[in-house]
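S.K.: I'd like to ask some things about the structure below.
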Amino acid sequence: MKAVVMAGGAGSRLRPLTIARPKPMVPLVNKPVMAHTLDLLKRYGITDVVVTVQFMAERIRDYFGDGHRYDMHIEYAMEEVPLGTAGSVKNASQFLDDTFIVVSGDALTDFDLSAIIRYHQEKRAMATLTLYHVPNPLEYGVVITGEDGRIRQFLEKPSWGEVISDTVNTGIYVLEPAALDYFEAGVPFDFSKDLFPILMDKGDPLYGYIASGYWCDVGNLQEYMRATRDLLGGQVHLEPLGERYAPGVWTDGEVGVAPDAQLYGPIFLGNGVRVQSKAILRGPTVLRDYCLVDERAYIDHSIVWRNTYIGEGAELRGAIVGRQCSLKAKSVLFEGVALGDNVIVGENAVLHANVKVWPEKEVEAGATVKTSVIWGDQARRTLFGRYGVSGLVNVDITPEFAAQLGAAFGASLPVGSRVTINRDLNRSARMIKRGIIGGLPSAGINVADLDNVPIPVARYYTRVSDALGGVHVRVSPYDPRIVDIRFMDRRGLNLDKNTERNIERVFFREDFRRVYLDQIGVIDYPAGVISRYNNDLLASMDVAAIQKANFYLAMDYASAPTALALPQVLSVLNCQEVALNAHLEESKMSVTSEELQRSIQQLAAICSTLKTTLGVRMDVGGERIFVVDNVGRILRGTTVLAAMAVMALKQAGGGTIAVPVTQPLLFEKLAAQYGGQIVRTKVDLYDLMNAASKDGVILAGDGGGNFIIPGFQPAVDGLAATAKMLELLALQKASLSEVVDSLPPYYVATRRVSCAWENKGTVMRLLNEQVQDERVERIDGVKIYMGDEWVLVLPDPDQPFFQIHAEGTHASSAESLADKYARIVESMQR
């Protein structure tokens with residue numbers, strides 16, 4: 001016997017899941033729902049199948065093919081326009097020359113098909129409808145039969161007042177070919193509304209078979225969740241879901257589950273699924289192939305389609321998540337939420353019950369969403385943030401993304417230009433760097449591959465070579481899941497905002513420049529990059545003075561490429577050093593803040609015990625430094641910057657120091673004392689580096705360990721900062737502790753106040769209105785002065801919160817001021 005599988009449905013009630021696929025291709029636990037139908041047919045020996053298709057027909061054809069993978073023979077009947085249920089079967093009539101069975105490709109059932117066929121044959125019926133008892137018949141066609149099984153009446157989707165039976169039509173029919181002779185081909189015609197009433201009026205034998213077993217019309221999101229739950233719970237007797245991994249847990253291939261992850265079935269894990277430490281999964285839950293559940297995530301009664309990332313601490317409670325979505329850390333999806341494919345949900349975002357998000361949309365970090373997101377901006381609207389282009393490796397930042405990003409950067413430069421590229425030691429950075437290298441030559445850009453050198457070395461080489469720009473790829477120093485891609489201009493400095501926007505415009509429009517084959521860029525590997533940097537750095541220093549000082553240092557190189565450069569400089573400077581973490585290790589390119597603090601505390605203990613001149617802990621990129629003085633004190637970043645400022649001003653007899661608006665008034669006091677001046681900048685390092693490029697600037701720093709030595713290069717450089725500190729100490733014949741102890745005291749406090757993106761503008765408007773009669777500075781954010789005290793309210797550019805910085809005349813007043821304005825910002829959101 002042949003079967004006709006009706007698979008032309010668009011599944012509008014299943015949106016947004018069916019925006020990119022026909023309803024029969026919606027995955028149900030371990031396979032598309034139509035594949036479960038084919039399994040059932042095959043169980044009863046029905047292997048000759050005709051599939052009626054219309055909406056996104058190619059998706060079904062591509063997946064099932066001619067059926068040989070299933071030991072079946074599949075043919076397709078294509079509808080150019082929707083023809084209704086009976087019309088679609090009539091469209092396949094050339095394949096039907098004997099009794100056949102019609103089944104739905106988007107329903108889940110385990111009915112005994114042989115019993116239905118046998119009943120049809122025993123009754124010598126023209127058509128047999130398979131009926132089923134349901135608790136709520138309002139959404140179905142109710143069918144009334146006599147005692148002999150003959151159909152007496154149809155009620156199509158009745159109201160409760162019209163309901164006289166709970167027996168409904170399941171859409172599974174056994175038919176004789178003659179039943180299709182009552183109407184013309186190519187005409188929209190329905191079984192329940194049109195054909196069956198005709199058969200009944202004509203007196204043809206029309207019977208109903210009341211089936212037992214399981215049946216669910218996967219017609220809406222609630223029924224889709226129910227079908228998934230029932231299939232996982234063993235209420236549907238079909239093919240096994242996979243291998244039993246643990247009680248109540250099935251897998252379909254290799255999976256990786258952390259020993260301390262908690263799994264409470266029923267759960268299905270697809271091939272390649274990874275569940276990280278302390279994650280909790282409660283069934284009924286489905287994670288399809290290659291999903292990654294990060295640490296401490298919580299998933300309960302949810303369905304997650306393939307290649308989706310569930311971030312650290314994220315929560316899913318009764319949600320459905322489409323393919324290739326990214327749910328960032330601490331995002332929350334409540335019951336009934338459904339995400340289409342390729343949706344990004346930002347950190348700390350909350351999606352309330354029953355919210356639907358259409359494919360390719362992005363929910364911003366910290367947003368609270370209470371209504372469905374259908375129209376609006378697609379995907380991410382910007383690429384660049386505080387650290388360049390950042391994102392989760394192999395989730396946000398993939399090799400193909402990197403290749404397109406390289407091509408977009410290349411399109412911003414003239415054909416034939418040269419660009420440097422560099423990376424840290426991590427394999428993720430290596431992969432992404434190679435993707436970028438793949439994109440640059442396609443735009444006619446030559447690539448100078450610097451391999452892995454410290455970021456300041458790459459910046460310097462870009463500045464002094466013929467390169468028109470540079471790229472550095474690294475994993476975040478504090479999170480190995482994050483990749484940062486930094487771009488530089490011809491000066492080795494961060495790109496300006498206009499250039500970033502140009503790159504974004506090319507990227508999002510996919511307006512990539514593709515050059516002819518004789519203009520494709522070449523890749524070369526420059527020699528002596530570190531030697532050039534070291535030699536030029538030494539040439540900018542008073543080497544003799546430092547050599548004479550005979551410094552004794554404790555240096556922590558963070559197992560990073562800084563160990564390839566700075567030790568050679570210190571050797572020439574006649575410095576004796578205790579070197580820590582001087583061997584390169586890929587796994588150390590990212591450390592937690594706790595690990596960083598432990599390493600600094602270890603360095604302080606060594607400095608105190610060995611009585612070193614100072615101790616320096618380099619960050620992995622070579623840009624930031626963390627300093628311990630000669631008595632073993634761990635110095636705050638602002639204190640180190642102030643000490644450097646004092647020594648630089650004294651040595652130069654004045655000059656300009658550039659610092660951001662977040663730093664205390666201590667710097668103005670020091671400048672006045674030593675005949676210098678202070679230039680205030682925005683917090684972004686681009687603005688600090690730009691200020692350091694101006695004439696007369698002798699030092700710049702952000703108070704967070706980033707220093708710029710303009711006499712060498714106007715870029716953040718921890719290696720040059722270390723050498724400069726040694727030079728200043730040598731020339732002034734002072735110890736670092738003496739300089740620090742001479743500094744005036746300062747008292748600062750900081751707070752962070754959460755604020756949804758949509759409320760930031762309102763807060764800034766209200767705040768500016770409130771302080772319009774006060775002494776205010778608006779370099780970056782709103783800085784309000786109150787005599788010798790001040791507070792800065794600064795909206796974070798990348799995250800949904802405000803930063804509050806305050807300085808007081810004593811510690812308690814600084815804390816009180818920060819608390820006061822944190823409350824003000826909170827109140828302005830209400």
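Scheme for the structure tokens: letters A, B, ... for chains in order shown; per-chain residue numbers from 1; ligand numbers from 1 in order shown.
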Near region 425-438 of chain A, within 7 Å and counting only C-alpha atoms, which residues show up once chain neighbours fewer than 6 positions away are dropped, as a list in words?
M.R.: Val393, Thr398, Pro399, Glu400, Ala402, Ala403, Leu405, Gly406, Asn452, Val473, Arg474, Val475, Val483, Glu586, Ser587 and Met589 of chain A
S.K.: Take the residues that were just selected and, keeping all heavy atoms, output them as a compact mmCIF listing (two decimals), in the first residue's frame.
M.R.:
```txt
# COMPACT_ATOMS: atom_id res chain seq x y z
N VAL A 393 33.65 33.28 21.40
CA VAL A 393 34.31 32.56 20.32
C VAL A 393 33.43 31.41 19.84
O VAL A 393 32.82 30.70 20.63
CB VAL A 393 35.70 32.05 20.77
CG1 VAL A 393 35.60 30.99 21.86
CG2 VAL A 393 36.48 31.51 19.59
N THR A 398 33.06 33.92 14.79
CA THR A 398 33.35 32.66 14.12
C THR A 398 34.38 32.91 13.02
O THR A 398 34.62 34.06 12.63
CB THR A 398 32.07 32.07 13.52
OG1 THR A 398 31.57 33.00 12.53
CG2 THR A 398 31.00 31.84 14.58
N PRO A 399 34.99 31.86 12.46
CA PRO A 399 35.94 32.07 11.36
C PRO A 399 35.33 32.80 10.17
O PRO A 399 35.97 33.66 9.57
CB PRO A 399 36.37 30.65 11.01
CG PRO A 399 36.20 29.86 12.26
CD PRO A 399 34.98 30.45 12.92
N GLU A 400 34.09 32.46 9.83
CA GLU A 400 33.47 33.13 8.68
C GLU A 400 33.17 34.60 8.99
O GLU A 400 33.30 35.48 8.13
CB GLU A 400 32.21 32.40 8.22
CG GLU A 400 31.14 32.18 9.26
CD GLU A 400 31.30 30.88 10.05
OE1 GLU A 400 32.44 30.39 10.18
OE2 GLU A 400 30.28 30.37 10.54
N ALA A 402 35.00 36.36 11.02
CA ALA A 402 36.32 36.99 10.99
C ALA A 402 36.77 37.31 9.56
O ALA A 402 37.35 38.36 9.29
CB ALA A 402 37.35 36.10 11.68
N ALA A 403 36.50 36.39 8.64
CA ALA A 403 36.88 36.62 7.24
C ALA A 403 36.13 37.83 6.68
O ALA A 403 36.72 38.68 5.98
CB ALA A 403 36.60 35.38 6.41
N LEU A 405 34.90 40.28 8.47
CA LEU A 405 35.40 41.46 9.17
C LEU A 405 36.73 41.92 8.57
O LEU A 405 36.97 43.12 8.39
CB LEU A 405 35.57 41.14 10.65
CG LEU A 405 35.95 42.30 11.57
CD1 LEU A 405 34.91 43.41 11.52
CD2 LEU A 405 36.13 41.80 13.00
N GLY A 406 37.60 40.96 8.23
CA GLY A 406 38.86 41.31 7.57
C GLY A 406 38.62 41.97 6.23
O GLY A 406 39.28 42.96 5.88
N ASN A 452 53.02 36.17 17.22
CA ASN A 452 52.49 36.57 18.53
C ASN A 452 53.54 37.38 19.28
O ASN A 452 54.49 36.83 19.82
CB ASN A 452 52.02 35.36 19.36
CG ASN A 452 53.01 34.21 19.33
OD1 ASN A 452 54.17 34.40 18.98
ND2 ASN A 452 52.57 33.04 19.70
N VAL A 473 44.50 40.09 17.73
CA VAL A 473 43.44 39.17 18.17
C VAL A 473 43.88 38.51 19.47
O VAL A 473 45.00 38.00 19.56
CB VAL A 473 43.16 38.08 17.11
CG1 VAL A 473 41.96 37.24 17.52
CG2 VAL A 473 42.93 38.70 15.74
N ARG A 474 43.01 38.54 20.44
CA ARG A 474 43.33 37.93 21.74
C ARG A 474 42.07 37.36 22.37
O ARG A 474 40.94 37.75 22.00
CB ARG A 474 43.93 38.97 22.68
CG ARG A 474 42.90 40.02 23.13
CD ARG A 474 43.44 40.93 24.20
NE ARG A 474 42.38 41.79 24.73
CZ ARG A 474 42.56 42.69 25.68
NH1 ARG A 474 43.76 42.86 26.20
NH2 ARG A 474 41.54 43.41 26.12
N VAL A 475 42.27 36.46 23.32
CA VAL A 475 41.15 36.11 24.19
C VAL A 475 41.13 37.14 25.31
O VAL A 475 42.16 37.72 25.66
CB VAL A 475 41.27 34.68 24.79
CG1 VAL A 475 41.11 33.64 23.71
CG2 VAL A 475 42.56 34.50 25.53
N VAL A 483 36.54 36.60 22.72
CA VAL A 483 37.64 37.01 21.84
C VAL A 483 37.50 38.50 21.57
O VAL A 483 36.40 38.99 21.30
CB VAL A 483 37.62 36.23 20.51
CG1 VAL A 483 38.54 36.87 19.48
CG2 VAL A 483 38.05 34.79 20.74
N GLU A 586 49.81 28.68 26.65
CA GLU A 586 48.54 29.04 26.02
C GLU A 586 47.42 29.17 27.02
O GLU A 586 46.58 30.08 26.93
CB GLU A 586 48.17 27.98 24.97
CG GLU A 586 46.83 28.22 24.32
CD GLU A 586 46.34 27.03 23.50
OE1 GLU A 586 47.16 26.15 23.19
OE2 GLU A 586 45.15 27.01 23.16
N SER A 587 47.38 28.30 28.02
CA SER A 587 46.26 28.27 28.96
C SER A 587 46.24 29.46 29.90
O SER A 587 45.25 29.68 30.60
CB SER A 587 46.32 26.97 29.78
OG SER A 587 47.52 26.93 30.55
N MET A 589 46.53 32.69 28.97
CA MET A 589 46.19 33.94 28.30
C MET A 589 44.95 34.61 28.90
O MET A 589 44.67 35.77 28.63
CB MET A 589 45.98 33.72 26.81
CG MET A 589 47.24 33.31 26.04
SD MET A 589 48.60 34.49 26.18
CE MET A 589 49.56 33.74 27.51
```
S.K.: Rank A:Ile606, A:Leu728, A:Leu41, A:Ile634 by their smallest atom-to-atom distance to Leu553 (chain A), using only C-alpha atoms, and report the top residue only.
M.R.: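 Once distances to Leu553 (chain A) are computed over only C-alpha atoms, the minimum belongs to A:Ile606.
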S.K.: Just list the residues in region 210-296 of chain A DSSP gives strand (DSSP E or B) on the backbone, as a list in words.
M.R.: Ile210, Trp215, Cys216, Asp217, Glu243, Arg244, Tyr245, Ala246, Val249, Trp250, Thr251, Gly256, Val257, Gln262, Leu263, Tyr264, Ile267, Phe268, Leu269, Arg274, Val275, Ile280, Leu281, Arg282, Thr285, Val286, Leu287, Leu292 and Val293 of chain A
S.K.: For region 334-347 of chain A, work out the shell of residues within 6 Å, counting only C-alpha atoms and skipping chain neighbours fewer than 2 positions away, then give it as a PyMOL selection string.
M.R.: chain A and resi 16-17+317-331+349+352-365
S.K.: Could you write out that same residue set with N, CA, C and O atoms as a compact mmCIF listing (two decimals), in the first residue's frame?
M.R.:
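Saved result, result-v1.txt, follows:
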```txt
# COMPACT_ATOMS: atom_id res chain seq x y z
N PRO A 16 7.56 32.02 15.95
CA PRO A 16 8.61 32.28 14.94
C PRO A 16 9.43 31.06 14.53
O PRO A 16 10.37 31.19 13.77
N LEU A 17 9.06 29.86 15.02
CA LEU A 17 9.87 28.67 14.72
C LEU A 17 9.80 28.31 13.24
O LEU A 17 10.73 27.70 12.70
N ARG A 317 13.05 28.89 31.54
CA ARG A 317 11.96 28.27 32.30
C ARG A 317 10.75 28.11 31.39
O ARG A 317 9.95 29.02 31.25
N GLY A 318 10.69 26.97 30.71
CA GLY A 318 9.56 26.72 29.81
C GLY A 318 9.66 27.46 28.50
O GLY A 318 8.65 27.87 27.94
N ALA A 319 10.87 27.61 27.97
CA ALA A 319 11.09 28.39 26.76
C ALA A 319 11.46 27.49 25.59
O ALA A 319 11.91 26.35 25.76
N ILE A 320 11.28 28.04 24.37
CA ILE A 320 11.71 27.37 23.14
C ILE A 320 12.71 28.29 22.46
O ILE A 320 12.43 29.47 22.24
N VAL A 321 13.88 27.75 22.10
CA VAL A 321 14.96 28.56 21.53
C VAL A 321 15.36 27.95 20.19
O VAL A 321 15.67 26.77 20.10
N GLY A 322 15.34 28.77 19.14
CA GLY A 322 15.65 28.30 17.79
C GLY A 322 17.12 28.03 17.56
O GLY A 322 17.94 28.06 18.49
N ARG A 323 17.48 27.78 16.30
CA ARG A 323 18.85 27.42 15.94
C ARG A 323 19.79 28.60 16.03
O ARG A 323 19.44 29.73 15.76
N GLN A 324 21.03 28.29 16.42
CA GLN A 324 22.14 29.24 16.40
C GLN A 324 21.82 30.54 17.13
O GLN A 324 22.18 31.62 16.69
N CYS A 325 21.16 30.40 18.25
CA CYS A 325 20.91 31.56 19.09
C CYS A 325 22.04 31.71 20.11
O CYS A 325 22.80 30.77 20.36
N SER A 326 22.13 32.89 20.68
CA SER A 326 23.14 33.16 21.71
C SER A 326 22.46 33.87 22.86
O SER A 326 22.00 35.00 22.72
N LEU A 327 22.38 33.18 23.99
CA LEU A 327 21.79 33.75 25.20
C LEU A 327 22.94 34.06 26.16
O LEU A 327 23.57 33.15 26.71
N LYS A 328 23.21 35.33 26.34
CA LYS A 328 24.39 35.75 27.10
C LYS A 328 24.17 35.54 28.60
O LYS A 328 23.08 35.20 29.06
N ALA A 329 25.22 35.79 29.36
CA ALA A 329 25.24 35.51 30.79
C ALA A 329 24.07 36.17 31.52
O ALA A 329 23.73 37.33 31.27
N LYS A 330 23.44 35.40 32.39
CA LYS A 330 22.39 35.86 33.30
C LYS A 330 21.15 36.38 32.59
O LYS A 330 20.34 37.09 33.19
N SER A 331 20.98 36.04 31.32
CA SER A 331 19.71 36.35 30.67
C SER A 331 18.65 35.38 31.19
O SER A 331 18.96 34.26 31.62
N ALA A 349 19.42 40.39 30.21
CA ALA A 349 18.12 40.69 29.62
C ALA A 349 17.07 39.73 30.18
O ALA A 349 17.36 38.57 30.48
N HIS A 352 9.81 38.28 29.34
CA HIS A 352 8.67 37.84 30.15
C HIS A 352 7.84 36.79 29.42
O HIS A 352 8.06 36.50 28.24
N ALA A 353 6.88 36.24 30.13
CA ALA A 353 6.11 35.09 29.64
C ALA A 353 5.47 35.39 28.29
O ALA A 353 4.95 36.47 28.04
N ASN A 354 5.56 34.38 27.41
CA ASN A 354 4.89 34.36 26.10
C ASN A 354 5.41 35.38 25.09
O ASN A 354 4.78 35.61 24.06
N VAL A 355 6.57 35.96 25.35
CA VAL A 355 7.18 36.85 24.37
C VAL A 355 7.72 36.04 23.20
O VAL A 355 8.34 34.99 23.39
N LYS A 356 7.49 36.51 21.98
CA LYS A 356 8.04 35.87 20.77
C LYS A 356 9.06 36.82 20.14
O LYS A 356 8.79 38.02 20.02
N VAL A 357 10.19 36.27 19.76
CA VAL A 357 11.22 37.08 19.11
C VAL A 357 11.50 36.48 17.74
O VAL A 357 11.91 35.31 17.65
N TRP A 358 11.27 37.26 16.69
CA TRP A 358 11.46 36.78 15.32
C TRP A 358 12.94 36.59 15.02
O TRP A 358 13.81 37.15 15.69
N PRO A 359 13.28 35.79 13.99
CA PRO A 359 14.69 35.49 13.70
C PRO A 359 15.52 36.75 13.43
O PRO A 359 15.01 37.79 13.02
N GLU A 360 16.84 36.60 13.69
CA GLU A 360 17.84 37.62 13.38
C GLU A 360 17.69 38.90 14.20
O GLU A 360 18.23 39.93 13.84
N LYS A 361 16.99 38.83 15.33
CA LYS A 361 16.84 40.01 16.18
C LYS A 361 17.82 39.95 17.35
O LYS A 361 18.30 38.88 17.71
N GLU A 362 18.08 41.11 17.92
CA GLU A 362 18.94 41.18 19.10
C GLU A 362 18.22 41.90 20.22
O GLU A 362 17.70 43.00 20.03
N VAL A 363 18.18 41.26 21.37
CA VAL A 363 17.65 41.88 22.58
C VAL A 363 18.84 42.44 23.34
O VAL A 363 19.74 41.69 23.72
N GLU A 364 18.85 43.73 23.56
CA GLU A 364 20.03 44.37 24.14
C GLU A 364 20.24 43.95 25.58
O GLU A 364 19.31 43.58 26.30
N ALA A 365 21.50 44.04 26.00
CA ALA A 365 21.87 43.69 27.37
C ALA A 365 21.04 44.51 28.36
O ALA A 365 20.85 45.71 28.19
```
S.K.: Tell me, as a short mmCIF file (atom, residue, chain, number, x, y, z; two decimals) with N, CA, C and O atoms, in the first residue's frame, which residues lie within 6 Å of region 509-518 of chain A, counting only C-alpha atoms; anything in the same chain fewer than 2 positions away does not count.
M.R.:
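around23.cif was written with the following content:
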```
data_model
loop_
_atom_site.label_atom_id
_atom_site.label_comp_id
_atom_site.auth_asym_id
_atom_site.auth_seq_id
_atom_site.Cartn_x
_atom_site.Cartn_y
_atom_site.Cartn_z
N ALA A 408 35.97 43.67 5.39
CA ALA A 408 35.39 44.99 5.63
C ALA A 408 36.49 45.99 6.02
O ALA A 408 36.48 47.14 5.56
N ALA A 411 38.42 46.89 2.97
CA ALA A 411 37.70 47.80 2.07
C ALA A 411 37.83 49.25 2.50
O ALA A 411 37.57 50.16 1.70
N SER A 442 41.55 39.34 0.00
CA SER A 442 40.46 39.39 -0.97
C SER A 442 40.09 40.83 -1.31
O SER A 442 39.50 41.09 -2.36
N ALA A 443 40.41 41.76 -0.41
CA ALA A 443 40.15 43.18 -0.65
C ALA A 443 41.38 43.89 -1.20
O ALA A 443 41.42 45.12 -1.26
N GLY A 444 42.41 43.11 -1.57
CA GLY A 444 43.62 43.70 -2.15
C GLY A 444 44.59 44.23 -1.12
O GLY A 444 45.39 45.12 -1.41
N VAL A 506 30.29 48.78 5.82
CA VAL A 506 30.68 47.79 4.80
C VAL A 506 30.28 46.39 5.26
O VAL A 506 29.73 45.59 4.48
N PHE A 507 30.51 46.10 6.53
CA PHE A 507 30.24 44.76 7.06
C PHE A 507 28.75 44.44 6.98
O PHE A 507 28.36 43.38 6.48
N ILE A 520 45.11 40.50 -5.67
CA ILE A 520 44.93 39.81 -4.38
C ILE A 520 46.18 40.00 -3.53
O ILE A 520 47.31 39.86 -4.02
#
```
